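Listing of work-v5.cif; format and content: mmCIF, C-alpha atoms, pLDDT in the B column; chains and numbers go by the auth columns.
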data_my_file
loop_
_atom_site.group_PDB
_atom_site.id
_atom_site.type_symbol
_atom_site.label_atom_id
_atom_site.label_comp_id
_atom_site.label_asym_id
_atom_site.label_seq_id
_atom_site.Cartn_x
_atom_site.Cartn_y
_atom_site.Cartn_z
_atom_site.B_iso_or_equiv
_atom_site.auth_seq_id
_atom_site.auth_asym_id
ATOM 1 C CA MET A 1 0.000 0.000 0.000 45.00 1 A
ATOM 2 C CA PRO A 2 1.331 3.472 -0.761 46.00 2 A
ATOM 3 C CA ALA A 3 2.483 5.464 2.256 53.00 3 A
ATOM 4 C CA THR A 4 -0.120 8.164 1.611 56.00 4 A
ATOM 5 C CA PRO A 5 -3.203 6.909 -0.226 53.00 5 A
ATOM 6 C CA PRO A 6 -5.670 9.457 -1.619 60.00 6 A
ATOM 7 C CA SER A 7 -8.096 10.877 0.942 65.00 7 A
ATOM 8 C CA ASP A 8 -11.113 9.221 -0.713 80.00 8 A
ATOM 9 C CA SER A 9 -9.669 5.696 -0.821 88.00 9 A
ATOM 10 C CA HIS A 10 -10.771 3.170 1.786 94.00 10 A
ATOM 11 C CA VAL A 11 -8.088 2.045 4.197 97.00 11 A
ATOM 12 C CA ARG A 12 -7.729 0.324 7.556 98.00 12 A
ATOM 13 C CA LEU A 13 -6.218 2.015 10.587 98.00 13 A
ATOM 14 C CA HIS A 14 -4.663 -0.067 13.344 98.00 14 A
ATOM 15 C CA ALA A 15 -3.798 2.079 16.357 98.00 15 A
ATOM 16 C CA ILE A 16 -2.477 1.378 19.844 98.00 16 A
ATOM 17 C CA VAL A 17 -3.111 4.287 22.216 98.00 17 A
ATOM 18 C CA HIS A 18 -0.740 4.717 25.183 98.00 18 A
ATOM 19 C CA GLY A 19 -1.114 6.695 28.415 98.00 19 A
ATOM 20 C CA ARG A 20 -3.931 6.922 30.945 98.00 20 A
ATOM 21 C CA VAL A 21 -6.525 5.556 28.540 98.00 21 A
ATOM 22 C CA GLN A 22 -8.379 2.904 30.551 98.00 22 A
ATOM 23 C CA GLY A 23 -11.057 3.737 33.096 97.00 23 A
ATOM 24 C CA VAL A 24 -11.611 7.180 31.536 98.00 24 A
ATOM 25 C CA ASN A 25 -14.448 6.335 29.070 98.00 25 A
ATOM 26 C CA PHE A 26 -11.982 6.083 26.179 98.00 26 A
ATOM 27 C CA ARG A 27 -13.761 3.173 24.484 98.00 27 A
ATOM 28 C CA GLY A 28 -17.239 4.681 24.736 98.00 28 A
ATOM 29 C CA THR A 29 -16.084 8.036 23.458 98.00 29 A
ATOM 30 C CA THR A 30 -14.183 6.361 20.613 98.00 30 A
ATOM 31 C CA VAL A 31 -17.363 4.521 19.560 98.00 31 A
ATOM 32 C CA ARG A 32 -19.252 7.840 19.430 98.00 32 A
ATOM 33 C CA GLU A 33 -16.444 9.627 17.573 98.00 33 A
ATOM 34 C CA ALA A 34 -16.005 6.809 15.041 98.00 34 A
ATOM 35 C CA SER A 35 -19.743 6.427 14.458 98.00 35 A
ATOM 36 C CA ALA A 36 -20.134 10.180 13.929 98.00 36 A
ATOM 37 C CA ARG A 37 -17.500 9.949 11.176 98.00 37 A
ATOM 38 C CA GLY A 38 -19.095 6.920 9.483 97.00 38 A
ATOM 39 C CA VAL A 39 -16.152 4.679 10.381 98.00 39 A
ATOM 40 C CA THR A 40 -16.510 0.922 11.014 98.00 40 A
ATOM 41 C CA GLY A 41 -14.456 -1.387 13.237 98.00 41 A
ATOM 42 C CA TRP A 42 -13.839 -1.776 16.961 98.00 42 A
ATOM 43 C CA VAL A 43 -12.012 -0.581 20.068 98.00 43 A
ATOM 44 C CA ARG A 44 -10.815 -2.627 23.059 98.00 44 A
ATOM 45 C CA ASN A 45 -8.705 -2.420 26.200 98.00 45 A
ATOM 46 C CA LEU A 46 -5.512 -4.469 26.211 98.00 46 A
ATOM 47 C CA ARG A 47 -4.008 -6.090 29.309 98.00 47 A
ATOM 48 C CA ASP A 48 -0.948 -3.823 29.207 98.00 48 A
ATOM 49 C CA GLY A 49 -3.098 -0.721 29.848 98.00 49 A
ATOM 50 C CA THR A 50 -3.273 0.453 26.239 98.00 50 A
ATOM 51 C CA VAL A 51 -6.303 0.738 23.968 98.00 51 A
ATOM 52 C CA GLU A 52 -6.389 -0.919 20.530 98.00 52 A
ATOM 53 C CA VAL A 53 -8.420 0.436 17.634 98.00 53 A
ATOM 54 C CA ILE A 54 -9.159 -1.161 14.267 98.00 54 A
ATOM 55 C CA ALA A 55 -11.081 1.194 12.003 98.00 55 A
ATOM 56 C CA GLU A 56 -12.007 1.258 8.323 98.00 56 A
ATOM 57 C CA GLY A 57 -13.176 4.168 6.223 98.00 57 A
ATOM 58 C CA THR A 58 -11.777 6.774 3.898 97.00 58 A
ATOM 59 C CA ARG A 59 -8.334 8.137 4.624 96.00 59 A
ATOM 60 C CA SER A 60 -9.849 11.516 5.562 96.00 60 A
ATOM 61 C CA GLN A 61 -12.378 9.918 7.971 98.00 61 A
ATOM 62 C CA LEU A 62 -9.607 7.947 9.649 98.00 62 A
ATOM 63 C CA GLU A 63 -7.244 10.926 9.844 97.00 63 A
ATOM 64 C CA SER A 64 -10.031 12.770 11.673 98.00 64 A
ATOM 65 C CA LEU A 65 -10.524 9.838 14.069 98.00 65 A
ATOM 66 C CA LEU A 66 -6.758 9.658 14.584 98.00 66 A
ATOM 67 C CA GLN A 67 -6.757 13.313 15.681 98.00 67 A
ATOM 68 C CA PHE A 68 -9.255 12.349 18.390 98.00 68 A
ATOM 69 C CA LEU A 69 -7.166 9.306 19.422 98.00 69 A
ATOM 70 C CA HIS A 70 -4.179 11.569 20.060 98.00 70 A
ATOM 71 C CA VAL A 71 -6.264 13.500 22.631 98.00 71 A
ATOM 72 C CA GLY A 72 -9.041 11.183 23.858 98.00 72 A
ATOM 73 C CA PRO A 73 -11.845 12.139 26.238 97.00 73 A
ATOM 74 C CA PRO A 74 -11.259 14.832 28.903 97.00 74 A
ATOM 75 C CA ALA A 75 -10.110 12.428 31.669 97.00 75 A
ATOM 76 C CA ALA A 76 -7.546 10.688 29.424 98.00 76 A
ATOM 77 C CA ASN A 77 -3.854 11.499 29.177 98.00 77 A
ATOM 78 C CA VAL A 78 -2.633 10.164 25.822 98.00 78 A
ATOM 79 C CA THR A 79 1.160 9.876 25.675 98.00 79 A
ATOM 80 C CA GLY A 80 1.445 8.298 22.234 98.00 80 A
ATOM 81 C CA VAL A 81 -0.306 6.477 19.416 98.00 81 A
ATOM 82 C CA ASP A 82 1.286 3.712 17.348 98.00 82 A
ATOM 83 C CA VAL A 83 -0.256 3.745 13.858 98.00 83 A
ATOM 84 C CA GLN A 84 -0.332 1.268 10.987 98.00 84 A
ATOM 85 C CA TRP A 85 -2.131 1.839 7.688 97.00 85 A
ATOM 86 C CA LEU A 86 -3.376 -1.414 6.154 97.00 86 A
ATOM 87 C CA GLU A 87 -5.569 -2.727 3.357 96.00 87 A
ATOM 88 C CA PRO A 88 -9.277 -2.715 4.330 97.00 88 A
ATOM 89 C CA THR A 89 -11.188 -5.990 4.588 96.00 89 A
ATOM 90 C CA GLY A 90 -14.747 -4.602 4.599 96.00 90 A
ATOM 91 C CA GLU A 91 -15.701 -7.058 7.348 97.00 91 A
ATOM 92 C CA TYR A 92 -17.388 -4.523 9.684 97.00 92 A
ATOM 93 C CA ASN A 93 -20.741 -2.774 9.318 96.00 93 A
ATOM 94 C CA SER A 94 -20.620 -0.643 12.487 98.00 94 A
ATOM 95 C CA PHE A 95 -18.172 0.513 15.164 98.00 95 A
ATOM 96 C CA ARG A 96 -18.340 -1.145 18.584 98.00 96 A
ATOM 97 C CA VAL A 97 -16.501 -2.040 21.762 98.00 97 A
ATOM 98 C CA ARG A 98 -14.814 -5.416 21.528 97.00 98 A
ATOM 99 C CA TYR A 99 -14.291 -7.438 24.712 93.00 99 A
#
Could you quickly redo this structure as structure tokens?
Amino acid sequence: MPATPPSDSHVRLHAIVHGRVQGVNFRGTTVREASARGVTGWVRNLRDGTVEVIAEGTRSQLESLLQFLHVGPPAANVTGVDVQWLEPTGEYNSFRVRY
């Protein structure tokens, strides 16, 4: 996949969010933010205290979601976000919390 696909092409974002991101409504807020942007996929807490996000949509939709992930909800303290851009699979029809 090219490093910077066009903004209207569909892509998959895989992100790991670091910092104080559990117990601060990060997942619920991410579901609202992703749904408002028309993005599909999921968000979940990982055992190491990070939050994982898989999202599919246009590059511009996902860039907008990524801006949110760098900040999170008010009680969060995001210290970093690891990002991978991947080929989309089209397997999701909504955005939800995954347990």
task: Please write the residues picked by the PyMOL selection byres ((chain A and resi 87) around 6) on this file as JSON, numbers by chain.
output: {"A": [11, 12, 86, 88]}
field: Atomic distance CA of Asn77 in chain A - CA of Val39 in chain A, expressed in Å with one decimal
entry: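 Separating CA of Asn77 in chain A from CA of Val39 in chain A is a distance of 23.5 Å.
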task: Write out as a ChimeraX atom specification which residues come within 6 Å of range 65-76 of chain A when counting only C-alpha atoms, dropping same-chain ones fewer than 2 positions away.
output: /A:20-21,24,62-63,78
field: Residues in the PyMOL selection byres ((chain A and resi 45-53) around 12), expressed as a PyMOL selection string
entry: chain A and resi 12-28+30-31+34+39-44+54-56+62+65-66+68-70+72+76-85+95-99
message: Here is a test: counting only C-alpha atoms, which residue of A:Ser94, A:Thr29, A:Ser35, A:Thr89 is nearest to Gln61 in chain A?
response: A:Ser35
